[in-house]
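Visitor: target-v9.tsv is reproduced in full below (TSV, C-alpha atoms).
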chain	number	residue	atom	x	y	z
A	23	MET	CA	-101.81	-131.91	14.49
A	24	VAL	CA	-103.56	-128.99	16.25
A	25	SER	CA	-104.54	-129.65	19.83
A	26	TRP	CA	-107.91	-128.70	21.23
A	27	PHE	CA	-106.32	-125.92	23.21
A	28	GLN	CA	-104.63	-124.49	20.07
A	29	ALA	CA	-107.92	-124.62	18.14
A	30	VAL	CA	-109.71	-122.72	20.89
A	31	GLU	CA	-106.98	-120.08	20.90
A	32	LEU	CA	-107.31	-119.63	17.14
A	33	THR	CA	-111.06	-119.08	17.30
A	34	LYS	CA	-110.65	-116.40	19.92
A	35	GLU	CA	-109.23	-114.05	17.21
A	36	ALA	CA	-111.42	-115.22	14.33
A	37	THR	CA	-115.07	-115.07	13.34
A	38	THR	CA	-116.88	-118.20	12.18
A	39	ASN	CA	-120.18	-116.50	11.38
A	40	ASN	CA	-120.69	-116.64	7.59
A	41	GLU	CA	-122.76	-113.44	7.77
A	42	THR	CA	-120.16	-111.45	9.63
A	43	VAL	CA	-117.90	-109.04	7.71
A	44	PRO	CA	-114.37	-109.60	8.97
A	45	ALA	CA	-112.96	-106.49	10.59
A	46	ASN	CA	-109.74	-107.62	12.23
A	47	ASP	CA	-106.60	-108.63	10.38
A	48	LYS	CA	-106.74	-112.04	12.11
A	49	HIS	CA	-110.41	-112.75	11.36
A	50	LEU	CA	-111.29	-115.64	9.09
A	51	ILE	CA	-112.85	-114.55	5.78
A	52	ASN	CA	-115.69	-116.00	3.78
A	53	LYS	CA	-116.17	-116.44	0.02
A	54	LYS	CA	-118.38	-113.35	-0.32
A	55	TYR	CA	-115.71	-111.13	1.18
A	56	VAL	CA	-113.09	-112.49	-1.22
A	57	ASP	CA	-115.37	-112.07	-4.27
A	58	ASP	CA	-116.32	-108.50	-3.32
A	59	ARG	CA	-112.69	-107.48	-2.85
A	60	TYR	CA	-111.65	-109.11	-6.14
A	61	ALA	CA	-114.36	-107.18	-7.99
A	62	LEU	CA	-112.65	-103.89	-7.00
A	63	LYS	CA	-109.30	-104.99	-8.38
A	64	VAL	CA	-108.04	-103.46	-11.68
A	65	SER	CA	-105.99	-105.91	-13.68
A	66	LYS	CA	-102.68	-104.77	-15.15
A	67	ALA	CA	-103.41	-106.96	-18.17
A	68	GLY	CA	-106.47	-104.89	-19.08
A	69	ASP	CA	-109.76	-104.13	-17.42
A	70	PHE	CA	-112.80	-101.82	-17.21
A	71	ILE	CA	-113.65	-99.36	-14.45
A	72	THR	CA	-117.07	-97.81	-13.92
A	73	VAL	CA	-116.15	-94.98	-11.56
A	74	ASN	CA	-114.14	-91.75	-11.77
A	75	LEU	CA	-110.39	-92.08	-12.25
A	76	LEU	CA	-108.44	-89.23	-10.68
A	77	LEU	CA	-104.67	-88.93	-10.47
A	78	ARG	CA	-103.04	-87.09	-7.59
A	79	VAL	CA	-99.62	-85.47	-7.73
A	80	GLY	CA	-99.13	-85.95	-4.02
A	81	SER	CA	-95.56	-85.21	-2.92
A	82	SER	CA	-94.15	-85.69	-6.43
A	83	ASN	CA	-93.20	-82.76	-8.66
A	84	ALA	CA	-94.97	-84.39	-11.60
A	85	ILE	CA	-96.78	-87.56	-12.58
A	86	LEU	CA	-96.76	-89.27	-15.97
A	87	PHE	CA	-99.76	-90.71	-17.77
A	88	GLY	CA	-99.54	-92.27	-21.21
A	89	CYS	CA	-97.40	-94.51	-23.38
A	90	ARG	CA	-93.66	-94.13	-23.99
A	91	ASP	CA	-92.53	-97.31	-25.76
A	92	LEU	CA	-94.31	-97.32	-29.15
A	93	ASN	CA	-92.39	-99.12	-31.86
A	94	GLY	CA	-92.99	-100.78	-35.21
A	95	ASN	CA	-96.64	-100.60	-36.26
A	96	LYS	CA	-98.01	-100.31	-32.73
A	97	THR	CA	-100.60	-97.63	-31.98
A	98	PHE	CA	-101.57	-95.74	-28.82
A	99	ILE	CA	-105.26	-94.75	-28.74
A	100	ILE	CA	-107.41	-92.85	-26.24
A	101	HIS	CA	-111.15	-93.16	-26.95
A	102	LEU	CA	-113.53	-90.30	-26.20
A	103	GLY	CA	-117.07	-91.54	-25.76
A	104	ASN	CA	-117.13	-94.05	-28.62
A	105	PRO	CA	-114.67	-95.82	-30.95
A	106	LEU	CA	-114.99	-93.06	-33.60
A	107	ASN	CA	-113.87	-90.23	-31.28
A	108	LYS	CA	-110.24	-90.74	-30.35
A	109	ILE	CA	-106.70	-89.45	-30.02
A	110	GLN	CA	-104.39	-91.76	-31.94
A	111	CYS	CA	-100.63	-91.97	-32.24
A	112	TRP	CA	-98.26	-94.00	-34.41
A	113	ILE	CA	-94.49	-93.93	-34.20
A	114	ASN	CA	-92.94	-91.30	-36.55
A	115	ASN	CA	-96.38	-89.91	-37.46
A	116	PRO	CA	-98.34	-86.83	-36.34
A	117	ILE	CA	-100.81	-87.28	-33.51
A	118	ALA	CA	-104.29	-87.67	-35.02
A	119	LEU	CA	-107.43	-86.17	-33.47
A	120	ILE	CA	-110.37	-88.09	-34.94
A	121	SER	CA	-113.99	-87.05	-34.35
A	122	THR	CA	-117.43	-87.60	-35.84
A	123	TYR	CA	-118.49	-83.94	-35.32
A	124	GLY	CA	-115.23	-82.01	-35.35
A	125	PHE	CA	-113.43	-80.17	-32.57
A	126	LEU	CA	-114.61	-76.96	-30.91
A	127	PHE	CA	-112.27	-74.72	-28.87
A	128	LYS	CA	-113.95	-72.46	-26.30
A	129	LEU	CA	-112.76	-69.83	-23.86
A	130	GLY	CA	-116.10	-68.74	-22.52
A	131	ASP	CA	-117.41	-68.12	-26.05
A	132	ASN	CA	-116.68	-70.24	-29.11
A	133	ILE	CA	-113.26	-69.52	-30.62
A	134	ILE	CA	-112.75	-71.93	-33.53
A	135	ARG	CA	-114.24	-75.19	-34.78
A	136	PHE	CA	-112.50	-77.72	-36.99
A	137	GLY	CA	-115.18	-79.52	-39.01
A	138	LYS	CA	-118.87	-79.99	-38.25
A	139	SER	CA	-119.69	-83.29	-39.96
A	140	SER	CA	-118.47	-85.62	-42.69
A	141	SER	CA	-120.08	-83.28	-45.22
A	142	ASP	CA	-118.69	-80.05	-43.73
A	143	ILE	CA	-115.01	-80.33	-42.83
A	144	ARG	CA	-114.26	-76.61	-43.08
A	145	ILE	CA	-112.63	-74.52	-40.34
A	146	HIS	CA	-115.12	-72.13	-38.73
A	147	ALA	CA	-113.68	-69.14	-36.85
A	148	TYR	CA	-115.92	-67.31	-34.37
A	149	GLN	CA	-113.40	-64.65	-33.32
A	150	ASP	CA	-110.93	-62.36	-35.11
A	151	ILE	CA	-107.71	-64.02	-36.29
A	152	VAL	CA	-104.54	-62.06	-35.44
A	153	MET	CA	-101.79	-63.02	-37.90
A	154	ASN	CA	-98.92	-61.23	-36.07
A	155	GLU	CA	-97.65	-59.95	-39.44
A	156	LYS	CA	-97.40	-63.48	-40.90
A	157	HIS	CA	-98.59	-64.33	-44.42
A	158	ILE	CA	-101.53	-66.45	-45.52
A	159	VAL	CA	-100.47	-67.85	-48.89
A	160	ASP	CA	-101.47	-70.19	-51.77
A	161	LEU	CA	-105.03	-68.91	-52.14
A	162	HIS	CA	-107.32	-69.21	-55.12
A	163	ASP	CA	-108.41	-65.98	-56.77
A	164	PRO	CA	-111.67	-64.63	-55.31
A	165	VAL	CA	-114.98	-65.84	-56.71
A	166	ASN	CA	-117.62	-64.63	-54.24
A	167	VAL	CA	-117.86	-60.98	-53.17
A	168	GLN	CA	-116.62	-61.66	-49.61
A	169	ASP	CA	-113.67	-63.85	-50.66
A	170	ALA	CA	-110.24	-62.49	-49.77
A	171	ALA	CA	-108.71	-60.69	-52.72
A	172	THR	CA	-105.28	-62.03	-53.73
A	173	LYS	CA	-102.60	-59.81	-55.16
A	174	ASN	CA	-103.02	-61.68	-58.43
A	175	TYR	CA	-106.60	-60.42	-58.54
A	176	VAL	CA	-105.78	-56.86	-57.51
A	177	ASP	CA	-102.86	-56.70	-59.93
A	178	THR	CA	-105.12	-56.16	-62.88
A	179	ALA	CA	-104.37	-52.62	-61.77
A	180	LEU	CA	-101.60	-53.02	-59.18
A	181	THR	CA	-98.47	-55.17	-59.53
A	182	SER	CA	-97.10	-57.55	-56.88
A	183	ALA	CA	-94.04	-59.75	-56.57
A	184	ASN	CA	-96.02	-62.43	-54.74
A	185	PRO	CA	-99.28	-62.80	-56.68
A	186	GLN	CA	-100.90	-65.37	-54.38
A	187	ASP	CA	-100.42	-63.42	-51.14
A	188	PHE	CA	-103.43	-61.76	-49.56
A	189	ALA	CA	-103.89	-58.16	-50.63
A	190	THR	CA	-104.45	-56.24	-47.39
A	191	LYS	CA	-106.31	-52.99	-47.45
A	192	ASN	CA	-102.99	-51.34	-46.70
A	193	TYR	CA	-101.69	-52.71	-50.01
A	194	VAL	CA	-104.72	-51.69	-52.03
A	195	ASP	CA	-104.83	-48.35	-50.29
A	196	ALA	CA	-101.67	-47.11	-51.93
A	197	ALA	CA	-104.43	-45.82	-54.17
A	198	LEU	CA	-107.53	-46.58	-52.09
A	199	ASN	CA	-107.69	-45.80	-48.37
A	200	SER	CA	-109.45	-47.81	-45.60
A	201	ASP	CA	-110.46	-47.26	-41.97
A	202	ASN	CA	-108.55	-50.39	-40.95
A	203	PRO	CA	-105.59	-50.65	-43.32
A	204	GLN	CA	-104.46	-54.11	-42.18
A	205	ASP	CA	-107.84	-55.78	-42.73
A	206	PHE	CA	-108.15	-58.21	-45.61
A	207	ALA	CA	-109.31	-56.59	-48.83
A	208	THR	CA	-112.24	-58.62	-50.13
A	209	LYS	CA	-113.10	-58.93	-53.81
A	210	ASN	CA	-116.18	-56.80	-53.17
A	211	TYR	CA	-114.12	-54.07	-51.48
A	212	VAL	CA	-111.59	-53.86	-54.30
A	213	GLU	CA	-114.22	-53.85	-57.05
A	214	ASN	CA	-116.32	-51.17	-55.36
A	215	ALA	CA	-113.32	-48.99	-54.64
A	216	LEU	CA	-111.90	-49.28	-58.13
A	217	SER	CA	-115.23	-48.73	-59.82
A	218	SER	CA	-115.90	-45.71	-57.61
A	219	VAL	CA	-112.58	-44.11	-58.48
A	220	ASN	CA	-112.94	-44.86	-62.18
A	221	ALA	CA	-116.54	-43.66	-62.34
A	222	ASN	CA	-116.07	-40.56	-60.17
A	223	PRO	CA	-112.55	-39.18	-60.49
A	224	LEU	CA	-111.82	-36.84	-57.60
A	225	LYS	CA	-111.08	-33.19	-58.24
A	226	LYS	CA	-109.01	-31.15	-55.83
A	227	CYS	CA	-110.64	-27.99	-54.51
A	228	HIS	CA	-108.12	-25.20	-53.89
A	229	ILE	CA	-110.53	-23.11	-51.81
A	230	GLY	CA	-110.63	-23.75	-48.06
A	231	TYR	CA	-113.56	-25.83	-46.87
A	232	ILE	CA	-114.07	-24.28	-43.41
A	233	PRO	CA	-115.64	-20.77	-43.22
A	234	ASN	CA	-114.80	-18.30	-40.46
A	235	LEU	CA	-116.37	-19.84	-37.35
A	236	GLU	CA	-118.13	-17.59	-34.84
A	237	ARG	CA	-117.99	-19.99	-31.88
A	238	ASP	CA	-117.02	-23.55	-30.95
A	239	VAL	CA	-120.46	-24.90	-31.89
A	240	SER	CA	-121.02	-22.98	-35.10
A	241	GLU	CA	-124.31	-22.28	-36.84
A	242	THR	CA	-122.61	-23.51	-40.01
A	243	GLY	CA	-122.60	-27.06	-38.60
A	244	PHE	CA	-118.93	-27.24	-37.60
A	245	VAL	CA	-118.04	-28.15	-34.01
A	246	VAL	CA	-114.59	-27.42	-32.59
A	247	SER	CA	-113.06	-28.80	-29.37
A	248	ALA	CA	-109.63	-28.74	-27.75
A	249	SER	CA	-107.70	-30.35	-24.93
A	250	SER	CA	-107.70	-27.00	-23.06
A	251	ILE	CA	-107.77	-23.22	-23.56
A	252	SER	CA	-105.66	-20.51	-21.98
A	253	SER	CA	-108.59	-18.06	-21.77
A	254	ASN	CA	-112.00	-17.27	-23.26
A	255	GLU	CA	-110.21	-15.04	-25.77
A	256	ASN	CA	-108.31	-18.02	-27.16
A	257	ARG	CA	-111.02	-20.62	-27.57
A	258	ALA	CA	-110.75	-23.55	-29.97
A	259	TYR	CA	-112.71	-21.95	-32.83
A	260	GLY	CA	-110.11	-19.16	-33.00
A	261	ALA	CA	-107.93	-21.49	-35.12
A	262	PHE	CA	-110.66	-21.38	-37.79
A	263	ASN	CA	-111.32	-17.66	-37.82
A	264	THR	CA	-108.97	-15.26	-39.61
A	265	LEU	CA	-110.44	-12.34	-37.61
A	266	LYS	CA	-109.48	-13.79	-34.22
A	267	SER	CA	-106.03	-14.29	-32.79
A	268	ALA	CA	-105.69	-18.06	-32.29
A	269	TRP	CA	-106.46	-21.10	-30.20
A	270	ILE	CA	-103.99	-21.31	-27.32
A	271	ALA	CA	-103.87	-24.20	-24.89
A	272	ASN	CA	-103.38	-23.88	-21.16
A	273	SER	CA	-99.60	-24.20	-20.80
A	274	SER	CA	-99.90	-25.02	-17.10
A	275	LEU	CA	-101.26	-28.43	-18.18
A	276	GLY	CA	-98.14	-29.25	-20.18
A	277	LEU	CA	-96.69	-28.68	-23.64
A	278	THR	CA	-98.83	-31.23	-25.46
A	279	ALA	CA	-102.34	-30.53	-26.72
A	280	TRP	CA	-104.92	-31.40	-29.37
A	281	LEU	CA	-107.46	-29.59	-31.52
A	282	THR	CA	-110.42	-31.31	-33.21
A	283	ILE	CA	-112.97	-30.12	-35.75
A	284	LYS	CA	-116.14	-32.03	-36.57
A	285	CYS	CA	-117.46	-31.27	-40.06
A	286	PRO	CA	-121.19	-31.12	-40.88
A	287	GLU	CA	-120.71	-34.22	-43.03
A	288	PRO	CA	-117.83	-36.57	-43.93
A	289	VAL	CA	-115.39	-35.08	-46.45
A	290	ILE	CA	-112.25	-36.27	-48.23
A	291	ILE	CA	-109.28	-33.95	-47.77
A	292	TRP	CA	-106.09	-33.77	-49.81
A	293	ARG	CA	-104.16	-31.06	-47.95
A	294	ILE	CA	-104.28	-28.77	-44.93
A	295	ALA	CA	-103.08	-25.26	-44.18
A	296	LEU	CA	-101.45	-24.70	-40.81
A	297	THR	CA	-99.99	-21.86	-38.81
A	298	SER	CA	-98.77	-22.63	-35.30
A	299	ILE	CA	-98.04	-20.24	-32.45
A	300	GLN	CA	-94.52	-21.61	-32.14
A	301	THR	CA	-92.34	-24.09	-34.03
A	302	LEU	CA	-93.76	-27.63	-34.11
A	303	ASN	CA	-91.22	-30.39	-33.52
A	304	SER	CA	-93.68	-33.26	-33.38
A	305	TRP	CA	-97.32	-33.41	-34.46
A	306	CYS	CA	-99.88	-35.60	-36.23
A	307	LEU	CA	-103.03	-35.14	-38.31
A	308	SER	CA	-105.59	-37.92	-37.85
A	309	ALA	CA	-109.20	-38.55	-38.85
A	310	SER	CA	-112.25	-40.41	-37.58
A	311	ASN	CA	-115.89	-41.06	-38.27
A	312	ASP	CA	-116.96	-41.68	-34.67
A	313	GLY	CA	-114.80	-39.25	-32.71
A	314	SER	CA	-113.02	-42.04	-30.81
A	315	LEU	CA	-111.10	-44.26	-33.24
A	316	TYR	CA	-108.66	-42.09	-35.22
A	317	ILE	CA	-106.58	-43.04	-38.27
A	318	ASP	CA	-103.27	-41.24	-38.84
A	319	LEU	CA	-103.25	-39.31	-42.14
A	320	LEU	CA	-100.12	-37.17	-41.85
A	321	ARG	CA	-97.27	-37.38	-39.37
A	322	SER	CA	-94.52	-34.83	-38.90
A	323	ASN	CA	-91.28	-35.73	-40.65
A	324	GLU	CA	-89.64	-32.33	-40.21
A	325	ARG	CA	-89.72	-29.33	-37.90
A	326	LEU	CA	-92.28	-26.75	-38.96
A	327	VAL	CA	-90.98	-23.28	-38.07
A	328	PHE	CA	-93.69	-20.70	-37.30
A	329	ASN	CA	-94.11	-17.27	-35.79
A	330	TRP	CA	-97.03	-14.90	-35.46
A	331	ASP	CA	-96.47	-13.41	-38.91
A	332	SER	CA	-96.01	-16.72	-40.75
A	333	VAL	CA	-97.88	-17.48	-43.93
A	334	PRO	CA	-99.85	-20.74	-43.46
A	335	LYS	CA	-97.94	-23.81	-44.59
A	336	LEU	CA	-99.76	-25.96	-47.15
A	337	LEU	CA	-99.20	-29.60	-46.27
A	338	VAL	CA	-100.29	-32.22	-48.83
A	339	LEU	CA	-101.22	-35.67	-47.58
A	340	SER	CA	-98.46	-38.08	-48.52
A	341	SER	CA	-100.83	-40.88	-49.53
A	342	SER	CA	-103.93	-40.57	-51.67
A	343	SER	CA	-107.11	-41.05	-49.66
A	344	THR	CA	-110.61	-41.80	-50.91
A	345	THR	CA	-112.15	-42.19	-47.46
A	346	ALA	CA	-114.40	-39.41	-46.23
A	347	TYR	CA	-114.11	-38.53	-42.53
A	348	GLN	CA	-116.20	-36.27	-40.34
A	349	TYR	CA	-113.62	-35.58	-37.61
A	350	TYR	CA	-110.11	-34.18	-38.17
A	351	LYS	CA	-107.64	-33.77	-35.32
A	352	ILE	CA	-104.23	-32.18	-34.78
A	353	ASP	CA	-102.14	-33.68	-31.97
A	354	ILE	CA	-99.18	-31.53	-30.87
A	355	THR	CA	-96.59	-33.54	-28.95
A	356	GLY	CA	-93.49	-31.37	-29.17
A	357	ILE	CA	-92.81	-27.62	-29.60
A	358	SER	CA	-89.96	-25.13	-29.37
A	359	GLY	CA	-91.12	-22.65	-26.77
A	360	GLN	CA	-93.64	-22.42	-23.97
A	361	THR	CA	-96.91	-21.71	-25.82
A	362	VAL	CA	-98.96	-24.46	-27.45
A	363	GLY	CA	-101.58	-23.44	-29.98
A	364	ILE	CA	-102.74	-23.05	-33.58
A	365	ALA	CA	-103.12	-19.60	-35.11
A	366	TYR	CA	-104.80	-20.88	-38.26
A	367	MET	CA	-105.96	-24.19	-39.69
A	368	GLN	CA	-107.83	-24.98	-42.92
A	369	LEU	CA	-108.92	-28.16	-44.72
A	370	TYR	CA	-108.88	-28.58	-48.51
A	371	VAL	CA	-111.28	-31.21	-49.83
A	372	TYR	CA	-112.02	-33.11	-53.00
A	373	ASP	CA	-115.05	-32.12	-55.00
A	374	THR	CA	-117.33	-35.15	-55.35
In structure tokens, write the structure found in this file.

Guide:
Amino acid sequence: MVSWFQAVELTKEATTNNETVPANDKHLINKKYVDDRYALKVSKAGDFITVNLLLRVGSSNAILFGCRDLNGNKTFIIHLGNPLNKIQCWINNPIALISTYGFLFKLGDNIIRFGKSSSDIRIHAYQDIVMNEKHIVDLHDPVNVQDAATKNYVDTALTSANPQDFATKNYVDAALNSDNPQDFATKNYVENALSSVNANPLKKCHIGYIPNLERDVSETGFVVSASSISSNENRAYGAFNTLKSAWIANSSLGLTAWLTIKCPEPVIIWRIALTSIQTLNSWCLSASNDGSLYIDLLRSNERLVFNWDSVPKLLVLSSSSTTAYQYYKIDITGISGQTVGIAYMQLYVYDT
């Protein structure tokens, strides 16, 4: 039995006002306080929350969230917005991503979308796909003009050991050249290229295409530029004028240099003539249609020995090209001697 004195002592530390929210650990509590606190409780047996759920790492190196004891026919599911959008997992099965309107990956802009609706479950790519030299295989032969052309399709003219592999432009361009040789060759590309070659067979012209130029920006429509010049007497156009000495680069800037000629219109070349000031150990001929992106046409595979009295060397392109370019460029990256320059250069084109 509690004495009157003990009861008074108890009430000193407790509130008996039903409207008062208990604040002290020793305060009495009312039904409303208990109900409100219980409403904030999340049951381990399953419950709903209507506020944000954030997990903090705190002092731990990592925290775990998920399910690790699936067995038998049990399934682990995370819903995303409604019962039809979910991530689902069964034991010994791939994780399934299920959606009513597909999945879209973004990194600023759209990258790729897997499916758009139940009637369009195709993969839509919004950026270039880099294959890292891996194959895409088991394709059907092309039907529409922009379908990828398989080797089986191309091999009506060209033979392949793997007929269902993609035919890249590099493959087709053993006979037909392309600005971007590792792009896919579409059915339309192959048909146009083949029909063009068959309808208009190219004829090699054995007369040089470039006339004697009178200055870097010639009245004939040719424009010549170089990485540097040693003097006004050895300007870039001197490499394209049999009456002048040569183009000679400024050796104080190093022993590498380049010489570019822009033609009045795009032309297809099949060989070049070249006389260098001194022996070339390393060089490259490239071509472009915008003056910035160049495609290699001919790379040095041997030392080319020259002197001032040398007859121009006729160098035939190792691969057949049917692409017309407006810019042609010689890059010199290694010489024997101390003078970098070209005494004479000429292009030989196809008659079209």

Visitor: What does the structure give for the distance between CA of Ala61 (chain A) and CA of Pro44 (chain A), in Å to one decimal?

Guide: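 Pair CA of Ala61 (chain A) / CA of Pro44 (chain A) returns 17.1 Å.
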
Visitor: In Å, with one decimal, what is the gap from CA of Ile283 (chain A) to CA of Glu241 (chain A)?

Guide: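 Result for CA of Ile283 (chain A) versus CA of Glu241 (chain A): 13.8 Å, one decimal.
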
Visitor: Using all atoms listed in the file, collect all residues at a distance of at most 12 Å from (-113.2, -91.6, -30.1) as written in the file, then present them as a list in words.

Guide: Ile99, Ile100, His101, Leu102, Gly103, Asn104, Pro105, Leu106, Asn107, Lys108, Ile109, Gln110, Ala118, Leu119, Ile120, Ser121, Thr122, Tyr123, Gly124 and Phe125 of chain A

Visitor: Residues at most 8 Å from Val362 (chain A), counting only C-alpha atoms, excluding those fewer than 2 positions away in the same chain, as a list in words?

Guide: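 Here the qualifying residues turn out to be Ile270, Ala271, Asn272, Ser273, Leu277, Thr278, Ala279, Ile299, Gln300, Ile354, Ile357, Gln360 and Ile364 of chain A.
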
Visitor: Separation of CA of Leu339 (chain A) and CA of Ile291 (chain A), in Å?

Guide: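 One can read the CA of Leu339 (chain A) to CA of Ile291 (chain A) distance as 8.2 Å.
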
Visitor: Compare A:Thr172, A:Thr361, A:Ser322, A:Ser252 by their minimum atom-to-atom distance to Val338 (chain A), counting all atoms listed in the file, and give me the closest one.

Guide: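 Of A:Thr172, A:Thr361, A:Ser322, A:Ser252, the one nearest Val338 (chain A), counting all atoms listed in the file, is A:Ser322.
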
Visitor: So that I can see what lies close to Val289 (chain A), please list as a list in words the residues with an atom at most 9 Å from it, counting all atoms listed in the file and leaving out residues fewer than 4 positions away in the same chain.

Guide: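 In the requested format, the answer is Cys285, Thr345, Ala346, Tyr347, Gln348, Val371 and Tyr372 of chain A.
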